[in-house]
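The structure appears right after this line, and notes come after that.
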Amino acid sequence: MALSANARKYLGWAELTAAIGLVGLVVLSVATLADALMRTFFESPIYGLSDLAEIVTPPVVASCLPAAIAARRNIAVRFLGAALPARGGQLVELFGQAAALLIFTGIAWQTGLHAADIVRNGQHTWLLSIPMGPTWILTEAILIACLPVQALIVIETWGHVRDGAPLAETQNDDDPELQV
Amino acid sequence: ADETVTLRWASFVSPMGATNRLVIPEWKEKIEAASEGTLKIEHYPGGTLGKSPLQQLSMVESGVADIAEVVVAYTPGRFPELAVFETPFLVENNLEAGLAAYKMYEKGLLSDFDDLMLVGIIISGPYGLALNEPLTGPEALEGKRIRAGGPAQTAIVEAMGATPIGNVPAPQIAENISRGLLDGALMAPANLYTFRIADAAFHHNWDVKFGSVAVIFPMRRDKYESLPPKAKAAFDEFTGEYLARKMGEAMDRLEAESKAKIRADDRQTVHEWDDATIAKVREAVAPVTAEWDKPNENGVNVYEEAQKAIEEARGSM
Amino acid sequence: MDPILVGLIAFAVMLGLIALHTPIGVAMALAGVGGFWILTGNFTAAVSMLGAETASAIASPELVIIPMFLLMGAFAGTSGLAGDMYHLAHKLIGHRRGGLAMATVAGCGGFGAACGSSIATTATMARIALPEMERRGYAQSLGAGCIAAGGTLGSLIPPSSIMLIYAFLTEQFVVDLFIAGILPGLLTIAVYFVAIALTVRRRADIAPAGPRATWRETGKTALGAWGIVTIILIMTVGLYGGIFTVTEAAAAGALICIVFAIARGRLSRKSLARTIAETAYNVGLLYIIIIGAHIFSNLIALTHMPAAIVDGVAGLGLPPLAVIFMLAVIYIALGAVFDSVAAMVITLPFVFPLVTEGLGYDPIWWGIVMIMVIEIGMITPPVGINVFVMHGVRKDIPLRTIFSGIVPFLGADIVRLLLVILFPSIALLLPGLL
Ligand code: NA
Ligand code: NA
């Protein structure tokens, strides 16, 4: 693994974000299971569980994105770069990472408009009428936080192009079990 | 000659759904012919332009689709007045409900339509009961786990002494009844086969009129304004009240077919409750209506307005 | 421009982007937005899909099952539950010639019943089972081969992330798919056993028989495996017995695995961090693929290509079975280059309507067939993800050795694939009964 100090710092922050998000997932799991047990044994499910899910799910899922991006865990096919000389391979890699930055920017921008819509229209949850604005503002903040992470990867890859570092040495595939 | 404008009609519902199958294909030919070649409708059922029911409205607003099928209950906080039709014993059938809702729209009683126009509307219902045990009377519901969608249905189920289960999407109701997670559901009789409920719950009651659910078909107003004159004229004639009527009729026809099929099926039992029993049910769910039967923050009693619109609609049927 | 031409160009552009190292989800999103913009001339609409599809995916109450299953699989590995299953199988059949390899396949199946991913199954079993086999003098090729192949059981035996994604994208009831995967999964274990038996009969030296475990030892190991057996039981009974919805079963499985990891003292700061990171990486990359797939399939709908393809294939007048075999060959070829989820999502918009509406096949059956074919691609060169994972865990074993160990299992895979294609009831029997 050839992550710079900066990237490591980002990966650390991103993993902390993911950890907080996954605590949210555990809370949601506990509530979901409790609901099933209450319904089965006491015939009284938890009122408003779906509201909790509506509020918790978007930021929980979003919180995993910065870590996946920081660790370069997107599924990509890297034949071409491996077959090219070092600098050429890094140029192709730079293209792929820049394309990812473009799309992540589009996602953050457009989801931001969606979040703004929800805030402006005062949308709320189905049963308990909890406002949905805050949860989407938080989600949007996490999506925006993905951008500097991906930008850093692009800058790093540009550095590799300049240095002509072989692609294989700059790929982060030491722990392939960390994939689907 | 005018150029042809293509409009994309999106629906997350399957191509076999009532509107997609019974209304749109015929309507499309009619309005295209009336527009004298200035309009072309492309029909995208089955969620092919966007699957999630929650994203349908934003698809219209951004232009991915020009017209989409939007279940109002999925975006609470928007189109708040239409939820009045979820109150029990307000409407009797799909046609009068749809026409009444359209009248309320024309009178400006529905908010959030400044930038949108209503191409069509369905007030689907009224909902009845489907249960996996004999529905001999309201007491059969006691302690049963009943699927309910939204605040009004939840309150209705609770008022009946049953346990409301909220987080089951409609297409999964049947599976959950057959696996014992649910005992039954509030359901529009027209959809008993659409959602395969009839394969899982064999006892039905249609005397309770447990409210209806609004489905709107909005289009951007500026899109309409940009249409060439002939297309606009075709639109004026073949959308709005025209389409609300066609959709309501189709839903009522489907409901009648579905009810007939249930009655003809030996496995199914339709339980009828007498007037005294229904009066008791009405009394039990009256608080749900009371929530609506008062002036809102703008000083409008939406429930009374809905009643007025229903009277007018009945007069125009 | 002709919509179908735009669709073809978009597809080619997507493949080109992928060749240029663009992450697969990103390539699909780019091609989808670009094609939509060209066809409608409406940039606002095209780019809005990035927001609408992201918001729908990350808020989806159905998709949230995926993070839960991933959390469960990660903690099942961390807590040592995966090892228990293998050790039990080891005690039961380890004394036969090739028995350890069979135990490994059975262990993969057992762990696969608590984990939704074939890569996680491969990586976990590589750590647990491979050292045991090497200690007993097994050839590395057989050991590594049976793990890489057995790992595919993680996707075929429920629960399964890839089944969840298929069900989500094609609007099928995921429990039906789960149930449909059970018999083909057991069949796979059986044909792998046969493959192992045939392999070691020709070459006894690669798999020496071990000592027979005493009943006492076996009993003790069986007791030690109560954890994983309990989890599988709770999930199976809960899910198919009408106690849990899929989401609830996933929540229960995740929580029980976490409790085991804590109770067994396996949660150091480091292992917790690794488990969290593992889950987060997988959640992140799966959602990006799903978002991209939705955007791309919106474009494909706009081009009316699926209908054209259905008409085109119908016009060829081929018998449906011939089309299915053709598709199987195409998928094995795709699996040579793509990861399994990616191969599925980039083709679903065309292939699903063709197989279900065009040819009239059962969508649940097709889901199982497609997953089996794609998983074959996971162990074939040049890009066999499971083989890479194996190689990643054990850098000292050359890729060539692993691929050579896979050959007998590939043969077995083809046999069971043919069986499920020719006898659809292998997949459809159980869902029909329940
Ligand atoms: Na599995
Ligand atoms: Na392959």
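Identifiers in the structure tokens: chain A, B, ... in order shown; residue index from 1 per chain; ligand index from 1 in order shown.
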Compute the set of chain C residues within 6 Å of chain A, using only C-alpha atoms, and express it as a list of chain:residue names.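 Only these qualify: C:Leu20, C:His21, C:Thr22, C:Pro23, C:Ile24, C:Val26, C:Ser48, C:Leu50, C:Gly51, C:Ile58, C:Ala59, C:Ser117, C:Ile119, C:Ala120, C:Ala123, C:Glu248, C:Ala251, C:Ala252, C:Glu278, C:Ala280, C:Tyr281, C:Asn282, C:Gly284, C:Leu285, C:Val389, C:Gly392.
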Near chain C, meaning an atom within 8 Å, which residues of chain B appear when counting only C-alpha atoms? Write them as a list of chain:residue names. B:Tyr44, B:Thr48, B:Leu49, B:Gly50, B:Ser52, B:Leu54, B:Gln55, B:Ser58, B:Met59, B:Ser62, B:Gly63, B:Val64, B:Gln172, B:Asn176, B:Arg179, B:Gly180, B:Leu181
Only N, CA and C atoms, please: the residues just picked out, written as a tab-separated table (two decimals), in the first residue's frame.
```tsv
chain	number	residue	atom	x	y	z
B	44	TYR	N	-44.01	4.82	-20.11
B	44	TYR	CA	-42.94	4.06	-19.44
B	44	TYR	C	-43.45	3.48	-18.12
B	48	THR	N	-39.44	2.06	-15.33
B	48	THR	CA	-38.24	2.00	-16.15
B	48	THR	C	-37.51	3.34	-16.21
B	49	LEU	N	-38.20	4.44	-15.88
B	49	LEU	CA	-37.48	5.72	-15.84
B	49	LEU	C	-37.08	6.09	-14.41
B	50	GLY	N	-37.39	5.23	-13.45
B	50	GLY	CA	-37.09	5.49	-12.04
B	50	GLY	C	-38.02	4.63	-11.20
B	52	SER	N	-38.21	4.02	-7.66
B	52	SER	CA	-38.72	4.30	-6.32
B	52	SER	C	-39.98	5.16	-6.39
B	54	LEU	N	-40.93	7.09	-4.29
B	54	LEU	CA	-40.64	8.38	-3.65
B	54	LEU	C	-40.02	9.39	-4.62
B	55	GLN	N	-39.43	8.93	-5.72
B	55	GLN	CA	-38.72	9.86	-6.59
B	55	GLN	C	-39.59	10.36	-7.74
B	58	SER	N	-40.15	14.20	-8.12
B	58	SER	CA	-38.95	14.96	-8.51
B	58	SER	C	-38.58	14.65	-9.96
B	59	MET	N	-38.99	13.48	-10.45
B	59	MET	CA	-38.74	13.18	-11.87
B	59	MET	C	-39.49	14.15	-12.77
B	62	SER	N	-37.82	17.71	-12.44
B	62	SER	CA	-36.53	17.90	-13.12
B	62	SER	C	-36.62	17.64	-14.61
B	63	GLY	N	-37.67	16.99	-15.07
B	63	GLY	CA	-37.83	16.78	-16.51
B	63	GLY	C	-37.44	15.39	-17.00
B	64	VAL	N	-37.07	14.48	-16.08
B	64	VAL	CA	-36.80	13.10	-16.50
B	64	VAL	C	-38.07	12.53	-17.14
B	172	GLN	N	-45.56	-6.75	-0.64
B	172	GLN	CA	-45.13	-7.83	0.26
B	172	GLN	C	-46.22	-8.25	1.25
B	176	ASN	N	-46.43	-11.83	3.55
B	176	ASN	CA	-46.40	-11.74	5.00
B	176	ASN	C	-47.65	-12.30	5.65
B	179	ARG	N	-47.17	-16.11	5.50
B	179	ARG	CA	-46.17	-16.61	6.45
B	179	ARG	C	-46.56	-16.31	7.89
B	180	GLY	N	-47.72	-15.70	8.09
B	180	GLY	CA	-48.22	-15.52	9.45
B	180	GLY	C	-47.73	-14.26	10.15
B	181	LEU	N	-46.95	-13.43	9.45
B	181	LEU	CA	-46.51	-12.19	10.08
B	181	LEU	C	-47.65	-11.20	10.21
```
If the limit is 9 Å from any atom of ligand 1, counting only C-alpha atoms and all ligand atoms, which residues qualify? Return them as a ChimeraX atom specification. /C:73,109-118,121,152-161,178
May I have a table of the residues of chain A lying at most 7 Å from chain B, giving each one's closest pair of atoms and their distance in Å to one decimal, counting only C-alpha atoms, ordered by chain and ascending residue number, as CSV?
```
residue,atom,partner,partner_atom,distance
A:Glu43,CA,B:Thr163,CA,6.9
A:Ser44,CA,B:Thr163,CA,6.5
A:Ser50,CA,B:Asn167,CA,5.6
A:Asn121,CA,B:Arg78,CA,6.6
A:Gly122,CA,B:Gly77,CA,5.9
A:Gln123,CA,B:Gly77,CA,4.6
A:His124,CA,B:Pro76,CA,5.7
A:Thr125,CA,B:Pro76,CA,6.6
A:Trp126,CA,B:Gly150,CA,5.8
A:Leu127,CA,B:Pro151,CA,5.2
```
Pull N, CA and C atoms from the residues just selected and write them as a compact mmCIF listing (two decimals), in the first residue's frame.
```txt
# COMPACT_ATOMS: atom_id res chain seq x y z
N GLU A 43 -47.79 -8.92 20.72
CA GLU A 43 -48.74 -8.34 19.80
C GLU A 43 -48.77 -6.82 19.86
N SER A 44 -47.65 -6.20 20.21
CA SER A 44 -47.63 -4.75 20.20
C SER A 44 -46.32 -4.26 19.59
N SER A 50 -40.93 2.52 11.48
CA SER A 50 -40.60 2.87 10.10
C SER A 50 -40.12 4.32 10.03
N ASN A 121 -39.98 22.01 1.56
CA ASN A 121 -41.36 21.55 1.58
C ASN A 121 -41.79 21.03 2.93
N GLY A 122 -40.90 21.09 3.91
CA GLY A 122 -41.26 20.63 5.25
C GLY A 122 -41.71 19.19 5.27
N GLN A 123 -41.05 18.34 4.47
CA GLN A 123 -41.47 16.93 4.47
C GLN A 123 -41.17 16.29 5.82
N HIS A 124 -42.07 15.38 6.22
CA HIS A 124 -41.89 14.73 7.52
C HIS A 124 -42.19 13.25 7.39
N THR A 125 -41.94 12.49 8.47
CA THR A 125 -42.14 11.05 8.42
C THR A 125 -43.63 10.72 8.45
N TRP A 126 -43.92 9.47 8.15
CA TRP A 126 -45.29 9.06 7.89
C TRP A 126 -46.16 9.09 9.15
N LEU A 127 -45.68 8.46 10.21
CA LEU A 127 -46.55 8.28 11.37
C LEU A 127 -46.39 9.37 12.41
```
Applying 12 Å and only C-alpha atoms, which residues near Ala322 in chain C remain after dropping the ones on its own chain fewer than 5 positions away? List them as a list of chain:residue names. C:Val313, C:Ala314, C:Leu316, C:Gly317, C:Leu327, C:Ala328, C:Val329, C:Val355, C:Leu359, C:Ile421, C:Leu422
Please produce a file of those selected residues containing C-alpha atoms, as a PDB file, in the first residue's frame.
```pdb
ATOM      1  CA  VAL C 313     -33.996 -12.560 -30.727  1.00  0.00           C
ATOM      2  CA  ALA C 314     -37.579 -13.709 -31.299  1.00  0.00           C
ATOM      3  CA  LEU C 316     -34.089 -15.465 -35.038  1.00  0.00           C
ATOM      4  CA  GLY C 317     -36.546 -18.239 -34.284  1.00  0.00           C
ATOM      5  CA  LEU C 327     -26.661 -16.275 -22.611  1.00  0.00           C
ATOM      6  CA  ALA C 328     -24.839 -18.679 -20.288  1.00  0.00           C
ATOM      7  CA  VAL C 329     -21.791 -18.630 -22.565  1.00  0.00           C
ATOM      8  CA  VAL C 355     -35.668 -14.090 -20.659  1.00  0.00           C
ATOM      9  CA  LEU C 359     -38.952 -16.358 -23.628  1.00  0.00           C
ATOM     10  CA  ILE C 421     -31.048 -25.380 -16.699  1.00  0.00           C
ATOM     11  CA  LEU C 422     -32.523 -28.680 -17.877  1.00  0.00           C
TER      12      LEU C 422
END
```
Could you find all residues in range 154-353 of chain C that DSSP calls alpha helix (DSSP H) from the backbone, and write them as number ranges by chain? C: 154-156, 161-170, 174-202, 215-224, 226-240, 246-263, 269-303, 305-316, 320-337, 340-353
Residues within 9 Å of His43 in chain B, only C-alpha atoms, excluding chain neighbours under 5 positions, as number ranges by chain: B: 7-11, 20, 24-25, 28
Please, could you write that set of residues out with N, CA, C and O atoms as an mmCIF file, in the first residue's frame?
```cif
data_model
loop_
_atom_site.group_PDB
_atom_site.id
_atom_site.type_symbol
_atom_site.label_atom_id
_atom_site.label_comp_id
_atom_site.auth_asym_id
_atom_site.auth_seq_id
_atom_site.Cartn_x
_atom_site.Cartn_y
_atom_site.Cartn_z
ATOM 1 N N LEU B 7 -44.122 13.610 -25.052
ATOM 2 C CA LEU B 7 -44.249 13.659 -23.588
ATOM 3 C C LEU B 7 -44.023 12.260 -23.018
ATOM 4 O O LEU B 7 -44.593 11.287 -23.513
ATOM 5 N N ARG B 8 -43.177 12.183 -21.977
ATOM 6 C CA ARG B 8 -42.919 10.889 -21.332
ATOM 7 C C ARG B 8 -43.829 10.709 -20.129
ATOM 8 O O ARG B 8 -43.807 11.519 -19.206
ATOM 9 N N TRP B 9 -44.637 9.669 -20.159
ATOM 10 C CA TRP B 9 -45.555 9.350 -19.056
ATOM 11 C C TRP B 9 -44.924 8.192 -18.278
ATOM 12 O O TRP B 9 -44.807 7.080 -18.786
ATOM 13 N N ALA B 10 -44.487 8.464 -17.029
ATOM 14 C CA ALA B 10 -43.800 7.440 -16.241
ATOM 15 C C ALA B 10 -44.702 6.919 -15.138
ATOM 16 O O ALA B 10 -45.503 7.663 -14.569
ATOM 17 N N SER B 11 -44.594 5.622 -14.874
ATOM 18 C CA SER B 11 -45.327 5.027 -13.759
ATOM 19 C C SER B 11 -44.455 3.952 -13.137
ATOM 20 O O SER B 11 -43.889 3.116 -13.840
ATOM 21 N N ASN B 20 -52.190 1.662 -16.079
ATOM 22 C CA ASN B 20 -51.280 1.398 -17.187
ATOM 23 C C ASN B 20 -51.893 0.480 -18.232
ATOM 24 O O ASN B 20 -51.587 0.558 -19.411
ATOM 25 N N ILE B 24 -54.270 4.168 -19.990
ATOM 26 C CA ILE B 24 -53.290 4.934 -20.768
ATOM 27 C C ILE B 24 -53.237 4.541 -22.254
ATOM 28 O O ILE B 24 -53.250 5.427 -23.121
ATOM 29 N N PRO B 25 -53.196 3.238 -22.608
ATOM 30 C CA PRO B 25 -53.066 2.919 -24.030
ATOM 31 C C PRO B 25 -54.175 3.538 -24.877
ATOM 32 O O PRO B 25 -53.902 4.130 -25.937
ATOM 33 N N LYS B 28 -53.909 7.472 -24.847
ATOM 34 C CA LYS B 28 -52.772 7.923 -25.636
ATOM 35 C C LYS B 28 -53.183 8.075 -27.111
ATOM 36 O O LYS B 28 -52.899 9.093 -27.741
#
```
Please identify all polymer residues within 9 Å of Trp206 in chain B, counting only C-alpha atoms, omitting same-chain residues fewer than 3 positions from it, and present them as number ranges by chain. B: 126-130, 188-189, 209, 270-273
Nearest to ligand 2 by atom-to-atom distance, counting only C-alpha atoms and all ligand atoms, from C:Ala254, C:Ala76, C:Ile332, C:Val194: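 Looking only at the distances to ligand 2, the closest residue turns out to be C:Ile332.
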